[in-house]
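Novice: For reference, this is run_26.txt, and it has compact mmCIF, C-alpha atoms.
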# COMPACT_ATOMS: atom_id res chain seq x y z
CA MET L 527 17.75 35.83 16.64
CA ALA L 528 21.23 36.15 18.15
CA GLU L 529 24.20 36.30 15.79
CA HIS L 530 25.64 33.01 17.11
CA ASN L 531 22.28 31.32 16.42
CA ASP L 532 22.40 32.59 12.82
CA LEU L 533 25.93 31.23 12.47
CA GLY L 534 24.87 27.87 13.88
CA LYS L 535 21.87 27.60 11.54
CA TRP L 536 24.07 28.49 8.58
CA GLY L 537 26.63 25.87 9.65
CA GLU L 538 23.93 23.19 9.90
CA GLN L 539 22.67 24.10 6.42
CA TYR L 540 26.24 23.98 5.04
CA ALA L 541 26.76 20.58 6.67
CA ALA L 542 23.45 19.23 5.30
CA GLU L 543 24.38 20.34 1.78
CA TYR L 544 27.78 18.67 2.17
CA LEU L 545 26.14 15.41 3.29
CA GLN L 546 23.73 15.46 0.37
CA LYS L 547 26.63 15.95 -2.05
CA GLN L 548 28.29 12.92 -0.44
CA GLY L 549 25.21 10.82 -1.18
CA TYR L 550 23.52 10.91 2.23
CA LEU L 551 19.73 11.10 2.44
CA ILE L 552 18.61 13.76 4.94
CA LEU L 553 15.74 12.46 7.09
CA ASN L 554 15.36 15.22 9.69
CA ARG L 555 16.93 18.50 10.76
CA ASP L 556 16.84 19.94 14.29
CA TRP L 557 14.91 16.94 15.56
CA ARG L 558 13.82 17.35 19.17
CA TYR L 559 12.37 15.04 21.72
CA GLY L 560 11.09 16.43 24.99
CA ARG L 561 13.15 19.19 26.53
CA SER L 562 15.31 21.38 24.33
CA LEU L 563 18.50 19.64 25.50
CA ASN L 564 17.44 16.46 23.69
CA ASP L 565 18.04 17.47 20.08
CA ILE L 566 19.88 16.20 17.04
CA ASP L 567 21.10 18.61 14.37
CA ILE L 568 20.89 16.27 11.37
CA ILE L 569 19.57 12.73 10.99
CA CYS L 570 20.41 11.05 7.71
CA LYS L 571 21.01 7.71 6.01
CA THR L 572 24.17 6.64 4.27
CA GLY L 573 24.00 6.39 0.48
CA ASP L 574 23.58 2.61 0.63
CA LEU L 575 20.68 3.08 3.11
CA THR L 576 22.20 0.64 5.62
CA THR L 577 23.01 3.10 8.41
CA VAL L 578 21.13 5.90 10.15
CA VAL L 579 23.56 8.64 11.12
CA PHE L 580 22.97 11.13 13.93
CA VAL L 581 25.10 14.21 13.22
CA GLU L 582 26.10 16.92 15.67
CA VAL L 583 27.25 20.10 13.90
CA LYS L 584 29.58 22.60 15.56
CA THR L 585 30.15 25.90 13.79
CA ARG L 586 32.69 28.58 14.63
CA SER L 587 33.40 31.81 12.76
CA HIS L 588 37.14 31.31 13.18
CA MET L 589 39.55 28.77 14.58
CA GLU L 590 39.94 29.11 18.29
CA ILE L 591 42.49 27.58 20.61
CA VAL L 592 40.04 24.77 21.34
CA ARG L 593 38.83 22.67 18.41
CA PRO L 594 35.02 22.89 17.85
CA GLU L 595 34.44 19.15 18.29
CA THR L 596 35.61 19.37 21.90
CA ALA L 597 32.29 21.10 22.62
CA VAL L 598 30.69 17.68 22.17
CA ASN L 599 31.35 16.72 25.77
CA ARG L 600 29.95 13.93 27.96
CA ASN L 601 26.82 15.91 28.78
CA LYS L 602 26.09 16.68 25.11
CA ILE L 603 26.73 13.05 24.14
CA TYR L 604 24.32 11.93 26.85
CA HIS L 605 21.55 14.17 25.50
CA ILE L 606 22.20 13.18 21.89
CA GLY L 607 22.05 9.54 22.96
CA ARG L 608 18.71 10.05 24.71
CA ALA L 609 17.23 11.78 21.68
CA ALA L 610 18.59 9.08 19.35
CA ASP L 611 17.13 6.35 21.56
CA HIS L 612 13.70 7.97 21.35
CA TYR L 613 14.06 8.42 17.58
CA VAL L 614 15.01 4.76 17.06
CA LYS L 615 12.04 3.59 19.11
CA LEU L 616 9.56 6.07 17.66
CA PHE L 617 10.42 5.30 14.04
CA HIS L 618 11.22 1.57 14.56
CA ILE L 619 14.74 1.94 13.17
CA THR L 620 16.28 -1.46 12.36
CA GLU L 621 19.33 -0.21 10.44
CA ARG L 622 22.73 0.22 12.03
CA ILE L 623 23.24 3.57 13.74
CA ARG L 624 26.25 5.84 13.94
CA PHE L 625 27.12 9.16 15.58
CA ASP L 626 29.17 11.68 13.58
CA ILE L 627 30.40 15.20 14.22
CA ILE L 628 30.77 17.83 11.51
CA THR L 629 32.71 20.98 12.28
CA VAL L 630 32.38 24.08 10.13
CA ILE L 631 34.85 26.94 10.55
CA GLY L 632 34.10 30.16 8.68
CA THR L 633 31.10 32.26 7.74
CA LYS L 634 28.86 32.39 4.70
CA ASP L 635 30.64 35.60 3.65
CA SER L 636 34.15 34.23 4.06
CA GLY L 637 35.92 32.61 1.16
CA ASN L 638 37.75 30.07 3.29
CA ILE L 639 35.30 27.65 4.89
CA GLN L 640 36.73 24.54 6.52
CA LEU L 641 34.52 21.49 7.02
CA ASN L 642 35.65 18.40 8.91
CA HIS L 643 33.45 15.28 8.96
CA ILE L 644 34.36 12.98 11.85
CA VAL L 645 32.75 9.61 11.07
CA ASP L 646 31.77 7.40 14.03
CA ALA L 647 32.98 10.13 16.39
CA PHE L 648 31.44 8.76 19.60
CA SER L 649 29.11 6.24 21.15
CA PRO L 650 26.66 7.29 23.87
CA LEU L 651 27.02 3.79 25.30
CA ARG L 652 30.66 4.46 26.18
CA ILE L 653 30.20 7.51 28.38
What does this structure look like when you write it as structure tokens?

Specialist:
Amino acid sequence: MAEHNDLGKWGEQYAAEYLQKQGYLILNRDWRYGRSLNDIDIICKTGDLTTVVFVEVKTRSHMEIVRPETAVNRNKIYHIGRAADHYVKLFHITERIRFDIITVIGTKDSGNIQLNHIVDAFSPLRI
């Protein structure tokens, strides 16, 4: 597996652990529907179980000029929205839904890991 894939998997694990500590219930990880472009990193429920949250995780080993969340562009939002639509229909989701972004900057060996949770970061309906 490529080094950037390892970093991404680690970042998703770090984000999932963070969400669990915040009281979220993890439902699925790396959920895919159809082609590989239609995937969702983490699907969880809020602690009060009223909202299903679709989370896109972006991990970088260090801070770059461009913030990691800018990688969630119109095309990525479109594909996340398609996957979420299939998930909602497949599992008959009746709760509210929300789309968050979590950015993780650092590595598992670094002592300074920065996590930023952007709640209600985007809506696929607005692209």

Novice: Between L:Ile568, L:Val583, L:Ala542, L:Ile552, which residue has the minimum interatomic distance to Ala610 (chain L), considering all atoms listed in the file?

Specialist: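 Distance minimum relative to Ala610 (chain L) lands on L:Ile568.
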
Novice: Counting all atoms listed in the file, figure out which residue out of L:Tyr540, L:Cys570, L:Val578, L:Ser587 gets nearest to Ile619 (chain L).

Specialist: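 Using all atoms listed in the file, the shortest distance to Ile619 (chain L) belongs to L:Val578.
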
Novice: Tell me which of L:Pro594, L:Gly560, L:Gly537, L:Gly549 sits closest to His612 (chain L), counting all atoms listed in the file.

Specialist: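 That would be L:Gly560, the residue with the smallest distance to His612 (chain L).
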
Novice: Distance CA of Thr596 (chain L)-CA of Leu551 (chain L), one decimal place?

Specialist: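 Atom-to-atom, CA of Thr596 (chain L) to CA of Leu551 (chain L), that is 26.4 Å.
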
Novice: Residues at most 12 Å from Asn638 (chain L), counting only C-alpha atoms, excluding those fewer than 6 positions away in the same chain, as a CSV table (one decimal) with C-alpha atoms, in the frame of the given file?

Specialist:
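File produced: out_25.csv:
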chain,number,residue,atom,x,y,z
L,587,SER,CA,33.4,31.8,12.8
L,588,HIS,CA,37.1,31.3,13.2
L,589,MET,CA,39.6,28.8,14.6
L,630,VAL,CA,32.4,24.1,10.1
L,631,ILE,CA,34.8,26.9,10.6
L,632,GLY,CA,34.1,30.2,8.7

Novice: One decimal, in Å: what's the spacing between CA of Asp556 (chain L) and CA of Glu582 (chain L)?

Specialist: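 These two atoms are separated by 9.8 Å.
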
Novice: Please report the interatomic distance between CA of Arg624 (chain L) and CA of Gly534 (chain L) in Å with one decimal.

Specialist: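 So the two atoms, CA of Arg624 (chain L) and CA of Gly534 (chain L), lie 22.1 Å apart.
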
Novice: Give the padded box for region 620-626 of chain L as AutoDock Vina command-line options: axis-aligned, covering all atoms listed in the file, 4 Å on each side, centre and edge lengths in Å to one decimal.

Specialist:
--center_x 22.7 --center_y 5.1 --center_z 13.0 --size_x 20.9 --size_y 21.1 --size_z 13.1

Novice: Counting all atoms listed in the file, which of L:Lys571, L:Tyr559, L:Asn642, L:Leu545 gets nearest to Arg593 (chain L)?

Specialist: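 Of all the options, L:Asn642 lies closest to Arg593 (chain L).
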
Novice: Return the single residue from L:Ile627, L:Val579, L:Ile603, L:Ala647 that is closest to Asn564 (chain L), with distances computed using all atoms listed in the file.

Specialist: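 Smallest separation from Asn564 (chain L) among the options: L:Ile603.
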
Novice: Would you please work out which residue, of L:Arg600, L:Arg586, L:His605, L:His643, is nearest to Asp565 (chain L) when using all atoms listed in the file?

Specialist: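 With all atoms listed in the file as the atom set, the closest residue is L:His605.
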
Novice: May I have the protein, DNA and RNA residues with an atom at most 10 Å from (29.3, 5.3, 20.0), counting all atoms listed in the file in the file's coordinates, returned as a list in words?

Specialist: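 Protein and nucleic acid residues near the point are Ile603, Gly607, Ile623, Arg624, Phe625, Asp626, Asp646, Ala647, Phe648, Ser649, Pro650, Leu651, Arg652 and Ile653 of chain L.
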
Novice: Can you tell me, as JSON, numbers by chain, what residues are no more than 12 Å from Thr620 (chain L) when counting all atoms listed in the file, ignoring any on the same chain fewer than 5 positions away?

Specialist: {"L": [575, 576, 577, 578, 613, 614, 615]}
